[in-house]
Amino acid sequence: MFDALATLLVFELAGFAPATPLGAALHFFVMDVAKILVLLTLVIYAMGLLRALLKPERVREFIRHRGNLQSRFMAVGLGAVTPVCSCSSIPLFIGFVEAGIPLGMTFSFLIASPMINEVAIVVLASVIGWKFTVLYVAAGLGVALIGGFVLERFKP
């Protein structure tokens with residue numbers, strides 16, 4: 001679908017040749033922009049639905065019955081499985097702040113979200129191997145946990 005759209009726009013309407021570097025680059029650009037726009041639209045609507053369905057009071061009560069360390073690990077885990085783009089992380093972060101969840105935990109989530117995700121893990125594992133990927137994930141989790149503690153201690 002995206003390939004056909006890019007082929008139509010770049011090669012047929014604009015008249016670029018597929019064999020030229022400029023034609024190939026424009027085809028790739030149009031195809032990726034179309035994919036990204038569709039993905040962003042889906043993620044934005046999904047996060048809007050999640051914010052509408054998940055009431056801040058329920059989140060606050062769920063966190064309140066957990067210990068500080070357990071809650072922080074949950075925040076880091078949630079950050080690790082959310083998509084990497086800010087269109088999902090920022091609305092969840094704002095919802096956590098509105099729910100009255102401690103700022104250190106919300107920062108742990110916000111730090112982990114762009115650092116660790118499923119796509120990055122698969123790509124890193126295929127490029128640098130599983131040993132270094134596990135090290136990267138452990139370092140990302142550690143930075144998110146420690147960063148949340150530090151930011152909570154030094155808040156204004």
# chains A, B, ... in the order shown; residues from 1 in each chain; ligands from 1
$ residues_around --residues "Ile111 of chain A" --least-positions-apart "4" --cutoff "10 Å" --atoms "only C-alpha atoms" --output "VMD selection string"
chain A and resid 75 to 76 79 to 80 89 105 to 107 115 to 116 140 to 141 143 to 148
$ write_last_selection --atoms "N, CA and C atoms" --output "PDB file, in the first residue's frame"
ATOM      1  N   ALA A  75       6.640   1.398  37.217  1.00  0.00           N
ATOM      2  CA  ALA A  75       6.725   2.570  36.338  1.00  0.00           C
ATOM      3  C   ALA A  75       7.794   2.364  35.267  1.00  0.00           C
ATOM      4  N   VAL A  76       8.942   1.813  35.661  1.00  0.00           N
ATOM      5  CA  VAL A  76      10.008   1.543  34.693  1.00  0.00           C
ATOM      6  C   VAL A  76       9.564   0.466  33.706  1.00  0.00           C
ATOM      7  N   GLY A  79       7.227   1.989  31.274  1.00  0.00           N
ATOM      8  CA  GLY A  79       7.997   2.823  30.352  1.00  0.00           C
ATOM      9  C   GLY A  79       8.726   1.994  29.317  1.00  0.00           C
ATOM     10  N   ALA A  80       9.180   0.818  29.707  1.00  0.00           N
ATOM     11  CA  ALA A  80       9.931  -0.034  28.784  1.00  0.00           C
ATOM     12  C   ALA A  80       9.052  -0.639  27.698  1.00  0.00           C
ATOM     13  N   SER A  89       4.229   8.602  25.487  1.00  0.00           N
ATOM     14  CA  SER A  89       4.859   8.762  26.798  1.00  0.00           C
ATOM     15  C   SER A  89       4.407  10.027  27.517  1.00  0.00           C
ATOM     16  N   MET A 105       8.538   8.585  40.541  1.00  0.00           N
ATOM     17  CA  MET A 105       8.050   7.427  39.789  1.00  0.00           C
ATOM     18  C   MET A 105       7.677   7.820  38.365  1.00  0.00           C
ATOM     19  N   THR A 106       7.058   8.975  38.221  1.00  0.00           N
ATOM     20  CA  THR A 106       6.693   9.407  36.870  1.00  0.00           C
ATOM     21  C   THR A 106       7.937   9.702  36.045  1.00  0.00           C
ATOM     22  N   PHE A 107       8.973  10.231  36.676  1.00  0.00           N
ATOM     23  CA  PHE A 107      10.219  10.460  35.943  1.00  0.00           C
ATOM     24  C   PHE A 107      10.904   9.151  35.592  1.00  0.00           C
ATOM     25  N   MET A 115      14.242   4.999  26.214  1.00  0.00           N
ATOM     26  CA  MET A 115      15.492   4.229  26.236  1.00  0.00           C
ATOM     27  C   MET A 115      15.302   2.762  25.880  1.00  0.00           C
ATOM     28  N   ILE A 116      14.215   2.176  26.345  1.00  0.00           N
ATOM     29  CA  ILE A 116      14.025   0.738  26.199  1.00  0.00           C
ATOM     30  C   ILE A 116      12.694   0.500  25.498  1.00  0.00           C
ATOM     31  N   GLY A 140      19.730   0.680  30.910  1.00  0.00           N
ATOM     32  CA  GLY A 140      18.564   1.550  30.758  1.00  0.00           C
ATOM     33  C   GLY A 140      17.631   1.477  31.948  1.00  0.00           C
ATOM     34  N   LEU A 141      17.383   0.259  32.435  1.00  0.00           N
ATOM     35  CA  LEU A 141      16.546   0.092  33.622  1.00  0.00           C
ATOM     36  C   LEU A 141      17.189   0.755  34.837  1.00  0.00           C
ATOM     37  N   VAL A 143      19.409   3.258  34.878  1.00  0.00           N
ATOM     38  CA  VAL A 143      19.372   4.722  34.735  1.00  0.00           C
ATOM     39  C   VAL A 143      17.976   5.252  35.059  1.00  0.00           C
ATOM     40  N   ALA A 144      16.939   4.563  34.607  1.00  0.00           N
ATOM     41  CA  ALA A 144      15.569   5.007  34.879  1.00  0.00           C
ATOM     42  C   ALA A 144      15.255   4.948  36.372  1.00  0.00           C
ATOM     43  N   LEU A 145      15.657   3.863  37.016  1.00  0.00           N
ATOM     44  CA  LEU A 145      15.408   3.751  38.465  1.00  0.00           C
ATOM     45  C   LEU A 145      16.178   4.809  39.250  1.00  0.00           C
ATOM     46  N   ILE A 146      17.464   4.915  38.982  1.00  0.00           N
ATOM     47  CA  ILE A 146      18.302   5.884  39.703  1.00  0.00           C
ATOM     48  C   ILE A 146      17.895   7.312  39.359  1.00  0.00           C
ATOM     49  N   GLY A 147      17.595   7.556  38.080  1.00  0.00           N
ATOM     50  CA  GLY A 147      17.174   8.896  37.672  1.00  0.00           C
ATOM     51  C   GLY A 147      15.918   9.339  38.389  1.00  0.00           C
ATOM     52  N   GLY A 148      14.959   8.434  38.551  1.00  0.00           N
ATOM     53  CA  GLY A 148      13.742   8.769  39.282  1.00  0.00           C
ATOM     54  C   GLY A 148      14.015   9.090  40.737  1.00  0.00           C
TER      55      GLY A 148
END
$ select_by_dssp --residues "segment 15-154 of chain A" --states "helix (DSSP H, G or I)" --output "PyMOL selection string"
chain A and resi 21-53+56-64+68-81+86-98+103-115+118-128+130-153
$ closest_residue --among "A:Leu151, A:Ile44, A:Leu92, A:Leu103" --to "Ser71 of chain A" --atoms "only C-alpha atoms"
A:Leu103
$ residues_around --residues "Phe96 of chain A" --least-positions-apart "5" --cutoff "12 Å" --atoms "only C-alpha atoms" --output "PyMOL selection string"
chain A and resi 51+54-63+75+78+89-91+101-110
$ atom_distance --atom1 "atom CA of Val33 of chain A" --atom2 "atom CA of Ala6 of chain A"
9.6 Å
$ residues_around --residues "Ala4 of chain A" --least-positions-apart "2" --cutoff "12 Å" --atoms "only C-alpha atoms" --output "PyMOL selection string"
chain A and resi 1-2+6-12+27-28+30-31+34
$ write_last_selection --atoms "all heavy atoms" --output "short mmCIF file (atom, residue, chain, number, x, y, z; two decimals), in the first residue's frame"
data_model
loop_
_atom_site.label_atom_id
_atom_site.label_comp_id
_atom_site.auth_asym_id
_atom_site.auth_seq_id
_atom_site.Cartn_x
_atom_site.Cartn_y
_atom_site.Cartn_z
N MET A 1 0.81 -1.19 0.00
CA MET A 1 0.00 0.00 0.00
C MET A 1 0.86 1.26 0.00
O MET A 1 0.69 2.14 -0.83
CB MET A 1 -0.93 -0.02 1.21
CG MET A 1 -1.76 1.22 1.34
SD MET A 1 -2.97 1.03 2.65
CE MET A 1 -2.53 2.39 3.66
N PHE A 2 1.80 1.36 0.97
CA PHE A 2 2.66 2.53 1.04
C PHE A 2 3.63 2.57 -0.14
O PHE A 2 3.95 3.64 -0.64
CB PHE A 2 3.43 2.56 2.36
CG PHE A 2 2.53 2.64 3.56
CD1 PHE A 2 2.45 1.59 4.46
CD2 PHE A 2 1.77 3.77 3.79
CE1 PHE A 2 1.62 1.67 5.55
CE2 PHE A 2 0.93 3.86 4.89
CZ PHE A 2 0.85 2.81 5.77
N ALA A 6 3.96 5.62 -2.81
CA ALA A 6 5.24 6.26 -3.09
C ALA A 6 5.62 6.13 -4.55
O ALA A 6 6.13 7.09 -5.16
CB ALA A 6 6.33 5.66 -2.19
N THR A 7 5.37 4.97 -5.15
CA THR A 7 5.66 4.76 -6.57
C THR A 7 4.83 5.70 -7.43
O THR A 7 5.34 6.34 -8.36
CB THR A 7 5.39 3.30 -6.96
OG1 THR A 7 6.23 2.45 -6.17
CG2 THR A 7 5.68 3.06 -8.44
N LEU A 8 3.56 5.83 -7.10
CA LEU A 8 2.68 6.73 -7.85
C LEU A 8 3.15 8.17 -7.77
O LEU A 8 3.28 8.86 -8.79
CB LEU A 8 1.24 6.61 -7.33
CG LEU A 8 0.24 7.61 -7.91
CD1 LEU A 8 -0.09 7.24 -9.36
CD2 LEU A 8 -1.01 7.66 -7.07
N LEU A 9 3.44 8.63 -6.54
CA LEU A 9 3.83 10.03 -6.37
C LEU A 9 5.19 10.36 -6.94
O LEU A 9 5.37 11.38 -7.61
CB LEU A 9 3.80 10.39 -4.87
CG LEU A 9 2.43 10.45 -4.22
CD1 LEU A 9 2.57 10.67 -2.73
CD2 LEU A 9 1.59 11.55 -4.85
N VAL A 10 6.17 9.52 -6.69
CA VAL A 10 7.56 9.84 -7.06
C VAL A 10 7.88 9.48 -8.50
O VAL A 10 8.45 10.30 -9.23
CB VAL A 10 8.55 9.14 -6.09
CG1 VAL A 10 9.99 9.38 -6.51
CG2 VAL A 10 8.33 9.65 -4.67
N PHE A 11 7.53 8.29 -8.90
CA PHE A 11 7.95 7.83 -10.23
C PHE A 11 6.97 8.21 -11.33
O PHE A 11 7.37 8.67 -12.40
CB PHE A 11 8.18 6.32 -10.23
CG PHE A 11 9.22 5.87 -9.25
CD1 PHE A 11 9.04 4.71 -8.52
CD2 PHE A 11 10.38 6.60 -9.05
CE1 PHE A 11 10.00 4.28 -7.61
CE2 PHE A 11 11.34 6.18 -8.15
CZ PHE A 11 11.15 5.02 -7.43
N GLU A 12 5.68 8.06 -11.06
CA GLU A 12 4.70 8.31 -12.12
C GLU A 12 4.32 9.79 -12.23
O GLU A 12 4.33 10.36 -13.31
CB GLU A 12 3.48 7.43 -11.93
CG GLU A 12 3.81 5.95 -12.10
CD GLU A 12 2.62 5.04 -11.83
OE1 GLU A 12 1.47 5.53 -11.91
OE2 GLU A 12 2.85 3.86 -11.55
N HIS A 27 11.51 8.09 -3.06
CA HIS A 27 10.57 6.98 -2.88
C HIS A 27 10.60 6.49 -1.44
O HIS A 27 9.55 6.30 -0.81
CB HIS A 27 10.93 5.86 -3.86
CG HIS A 27 9.99 4.70 -3.81
ND1 HIS A 27 10.19 3.63 -2.98
CD2 HIS A 27 8.83 4.47 -4.48
CE1 HIS A 27 9.20 2.78 -3.14
NE2 HIS A 27 8.36 3.26 -4.06
N PHE A 28 11.80 6.30 -0.90
CA PHE A 28 11.94 5.86 0.49
C PHE A 28 11.34 6.89 1.44
O PHE A 28 10.62 6.54 2.38
CB PHE A 28 13.42 5.64 0.81
CG PHE A 28 13.69 5.28 2.23
CD1 PHE A 28 13.47 4.00 2.69
CD2 PHE A 28 14.16 6.24 3.13
CE1 PHE A 28 13.70 3.67 4.02
CE2 PHE A 28 14.39 5.93 4.44
CZ PHE A 28 14.17 4.64 4.90
N VAL A 30 8.96 9.24 0.91
CA VAL A 30 7.49 9.29 0.83
C VAL A 30 6.88 8.05 1.49
O VAL A 30 5.90 8.15 2.23
CB VAL A 30 7.04 9.42 -0.65
CG1 VAL A 30 5.54 9.21 -0.78
CG2 VAL A 30 7.44 10.77 -1.21
N MET A 31 7.48 6.90 1.26
CA MET A 31 6.96 5.66 1.85
C MET A 31 7.06 5.71 3.38
O MET A 31 6.10 5.36 4.08
CB MET A 31 7.75 4.46 1.30
CG MET A 31 7.09 3.14 1.57
SD MET A 31 7.83 1.78 0.67
CE MET A 31 9.51 1.82 1.25
N ALA A 34 4.56 8.30 4.99
CA ALA A 34 3.20 7.75 5.02
C ALA A 34 3.04 6.75 6.17
O ALA A 34 2.05 6.79 6.90
CB ALA A 34 2.87 7.10 3.68
#
$ atom_distance --atom1 "atom CA of Phe93 of chain A" --atom2 "atom CA of Gly48 of chain A"
12.8 Å
$ atom_distance --atom1 "atom CA of Val137 of chain A" --atom2 "atom CA of Arg66 of chain A"
24.2 Å
$ decode --residues "segment 97-133 of chain A" --atoms "N, CA, C and O atoms" --output "mmCIF file, in the first residue's frame"
data_model
loop_
_atom_site.group_PDB
_atom_site.id
_atom_site.type_symbol
_atom_site.label_atom_id
_atom_site.label_comp_id
_atom_site.auth_asym_id
_atom_site.auth_seq_id
_atom_site.Cartn_x
_atom_site.Cartn_y
_atom_site.Cartn_z
ATOM 1 N N VAL A 97 1.002 12.452 36.640
ATOM 2 C CA VAL A 97 1.143 13.652 37.477
ATOM 3 C C VAL A 97 -0.235 14.098 37.967
ATOM 4 O O VAL A 97 -0.398 14.428 39.143
ATOM 5 N N GLU A 98 -1.240 14.095 37.071
ATOM 6 C CA GLU A 98 -2.599 14.467 37.466
ATOM 7 C C GLU A 98 -3.178 13.512 38.495
ATOM 8 O O GLU A 98 -3.990 13.910 39.322
ATOM 9 N N ALA A 99 -2.761 12.254 38.445
ATOM 10 C CA ALA A 99 -3.267 11.259 39.389
ATOM 11 C C ALA A 99 -2.607 11.370 40.758
ATOM 12 O O ALA A 99 -3.002 10.689 41.687
ATOM 13 N N GLY A 100 -1.615 12.233 40.858
ATOM 14 C CA GLY A 100 -0.942 12.406 42.139
ATOM 15 C C GLY A 100 0.123 11.374 42.422
ATOM 16 O O GLY A 100 0.537 11.194 43.566
ATOM 17 N N ILE A 101 0.573 10.675 41.402
ATOM 18 C CA ILE A 101 1.650 9.702 41.581
ATOM 19 C C ILE A 101 2.933 10.478 41.839
ATOM 20 O O ILE A 101 3.192 11.493 41.181
ATOM 21 N N PRO A 102 3.754 10.041 42.782
ATOM 22 C CA PRO A 102 4.972 10.778 43.103
ATOM 23 C C PRO A 102 5.833 11.068 41.861
ATOM 24 O O PRO A 102 5.942 10.242 40.959
ATOM 25 N N LEU A 103 6.417 12.250 41.848
ATOM 26 C CA LEU A 103 7.154 12.725 40.690
ATOM 27 C C LEU A 103 8.336 11.826 40.338
ATOM 28 O O LEU A 103 8.634 11.631 39.156
ATOM 29 N N GLY A 104 8.991 11.248 41.322
ATOM 30 C CA GLY A 104 10.116 10.356 41.049
ATOM 31 C C GLY A 104 9.708 9.142 40.232
ATOM 32 O O GLY A 104 10.418 8.711 39.327
ATOM 33 N N MET A 105 8.538 8.585 40.541
ATOM 34 C CA MET A 105 8.050 7.427 39.789
ATOM 35 C C MET A 105 7.677 7.820 38.365
ATOM 36 O O MET A 105 7.954 7.084 37.421
ATOM 37 N N THR A 106 7.058 8.975 38.221
ATOM 38 C CA THR A 106 6.693 9.407 36.870
ATOM 39 C C THR A 106 7.937 9.702 36.045
ATOM 40 O O THR A 106 7.959 9.417 34.850
ATOM 41 N N PHE A 107 8.973 10.231 36.676
ATOM 42 C CA PHE A 107 10.219 10.460 35.943
ATOM 43 C C PHE A 107 10.904 9.151 35.592
ATOM 44 O O PHE A 107 11.527 9.036 34.533
ATOM 45 N N SER A 108 10.819 8.156 36.461
ATOM 46 C CA SER A 108 11.371 6.839 36.133
ATOM 47 C C SER A 108 10.703 6.295 34.871
ATOM 48 O O SER A 108 11.367 5.760 33.986
ATOM 49 N N PHE A 109 9.385 6.448 34.794
ATOM 50 C CA PHE A 109 8.654 6.041 33.592
ATOM 51 C C PHE A 109 9.135 6.827 32.376
ATOM 52 O O PHE A 109 9.427 6.260 31.325
ATOM 53 N N LEU A 110 9.243 8.142 32.537
ATOM 54 C CA LEU A 110 9.594 9.002 31.415
ATOM 55 C C LEU A 110 11.018 8.758 30.929
ATOM 56 O O LEU A 110 11.301 8.876 29.739
ATOM 57 N N ILE A 111 11.912 8.381 31.798
ATOM 58 C CA ILE A 111 13.290 8.072 31.396
ATOM 59 C C ILE A 111 13.335 6.721 30.674
ATOM 60 O O ILE A 111 14.014 6.568 29.660
ATOM 61 N N ALA A 112 12.620 5.742 31.193
ATOM 62 C CA ALA A 112 12.665 4.394 30.606
ATOM 63 C C ALA A 112 11.980 4.321 29.247
ATOM 64 O O ALA A 112 12.408 3.554 28.375
ATOM 65 N N SER A 113 10.956 5.128 29.053
ATOM 66 C CA SER A 113 10.142 5.007 27.844
ATOM 67 C C SER A 113 10.940 5.162 26.549
ATOM 68 O O SER A 113 10.821 4.318 25.668
ATOM 69 N N PRO A 114 11.742 6.197 26.374
ATOM 70 C CA PRO A 114 12.484 6.281 25.105
ATOM 71 C C PRO A 114 13.735 5.403 25.056
ATOM 72 O O PRO A 114 14.234 5.102 23.984
ATOM 73 N N MET A 115 14.242 4.999 26.214
ATOM 74 C CA MET A 115 15.492 4.229 26.236
ATOM 75 C C MET A 115 15.302 2.762 25.880
ATOM 76 O O MET A 115 16.147 2.166 25.218
ATOM 77 N N ILE A 116 14.215 2.176 26.345
ATOM 78 C CA ILE A 116 14.025 0.738 26.199
ATOM 79 C C ILE A 116 12.694 0.500 25.498
ATOM 80 O O ILE A 116 11.657 0.965 25.965
ATOM 81 N N ASN A 117 12.733 -0.220 24.403
ATOM 82 C CA ASN A 117 11.498 -0.652 23.760
ATOM 83 C C ASN A 117 11.788 -1.903 22.948
ATOM 84 O O ASN A 117 12.941 -2.238 22.680
ATOM 85 N N GLU A 118 10.732 -2.565 22.551
ATOM 86 C CA GLU A 118 10.871 -3.854 21.891
ATOM 87 C C GLU A 118 11.637 -3.757 20.575
ATOM 88 O O GLU A 118 12.456 -4.616 20.260
ATOM 89 N N VAL A 119 11.374 -2.708 19.813
ATOM 90 C CA VAL A 119 12.039 -2.553 18.519
ATOM 91 C C VAL A 119 13.537 -2.352 18.708
ATOM 92 O O VAL A 119 14.353 -2.976 18.023
ATOM 93 N N ALA A 120 13.904 -1.504 19.657
ATOM 94 C CA ALA A 120 15.327 -1.265 19.911
ATOM 95 C C ALA A 120 16.029 -2.537 20.365
ATOM 96 O O ALA A 120 17.166 -2.798 19.959
ATOM 97 N N ILE A 121 15.355 -3.335 21.164
ATOM 98 C CA ILE A 121 15.959 -4.577 21.651
ATOM 99 C C ILE A 121 16.217 -5.535 20.490
ATOM 100 O O ILE A 121 17.296 -6.112 20.372
ATOM 101 N N VAL A 122 15.249 -5.693 19.604
ATOM 102 C CA VAL A 122 15.415 -6.601 18.465
ATOM 103 C C VAL A 122 16.511 -6.101 17.526
ATOM 104 O O VAL A 122 17.370 -6.873 17.084
ATOM 105 N N VAL A 123 16.496 -4.804 17.231
ATOM 106 C CA VAL A 123 17.511 -4.247 16.333
ATOM 107 C C VAL A 123 18.900 -4.365 16.942
ATOM 108 O O VAL A 123 19.852 -4.790 16.272
ATOM 109 N N LEU A 124 19.036 -4.002 18.213
ATOM 110 C CA LEU A 124 20.339 -4.104 18.864
ATOM 111 C C LEU A 124 20.830 -5.543 18.911
ATOM 112 O O LEU A 124 22.009 -5.816 18.678
ATOM 113 N N ALA A 125 19.944 -6.466 19.220
ATOM 114 C CA ALA A 125 20.344 -7.870 19.288
ATOM 115 C C ALA A 125 20.839 -8.371 17.938
ATOM 116 O O ALA A 125 21.808 -9.135 17.868
ATOM 117 N N SER A 126 20.192 -7.924 16.873
ATOM 118 C CA SER A 126 20.628 -8.380 15.543
ATOM 119 C C SER A 126 21.922 -7.696 15.104
ATOM 120 O O SER A 126 22.679 -8.269 14.329
ATOM 121 N N VAL A 127 22.191 -6.510 15.605
ATOM 122 C CA VAL A 127 23.386 -5.779 15.186
ATOM 123 C C VAL A 127 24.588 -6.064 16.086
ATOM 124 O O VAL A 127 25.682 -6.340 15.592
ATOM 125 N N ILE A 128 24.385 -6.002 17.398
ATOM 126 C CA ILE A 128 25.530 -6.143 18.311
ATOM 127 C C ILE A 128 25.502 -7.416 19.147
ATOM 128 O O ILE A 128 26.409 -7.653 19.927
ATOM 129 N N GLY A 129 24.460 -8.224 19.025
ATOM 130 C CA GLY A 129 24.389 -9.481 19.765
ATOM 131 C C GLY A 129 23.593 -9.350 21.051
ATOM 132 O O GLY A 129 23.372 -8.266 21.575
ATOM 133 N N TRP A 130 23.176 -10.520 21.582
ATOM 134 C CA TRP A 130 22.319 -10.548 22.765
ATOM 135 C C TRP A 130 23.031 -10.122 24.044
ATOM 136 O O TRP A 130 22.420 -9.534 24.923
ATOM 137 N N LYS A 131 24.314 -10.428 24.163
ATOM 138 C CA LYS A 131 25.032 -10.079 25.397
ATOM 139 C C LYS A 131 25.050 -8.569 25.609
ATOM 140 O O LYS A 131 24.746 -8.080 26.704
ATOM 141 N N PHE A 132 25.400 -7.826 24.575
ATOM 142 C CA PHE A 132 25.441 -6.368 24.695
ATOM 143 C C PHE A 132 24.036 -5.780 24.801
ATOM 144 O O PHE A 132 23.832 -4.765 25.458
ATOM 145 N N THR A 133 23.072 -6.428 24.177
ATOM 146 C CA THR A 133 21.691 -5.951 24.266
ATOM 147 C C THR A 133 21.173 -6.094 25.690
ATOM 148 O O THR A 133 20.522 -5.181 26.219
#
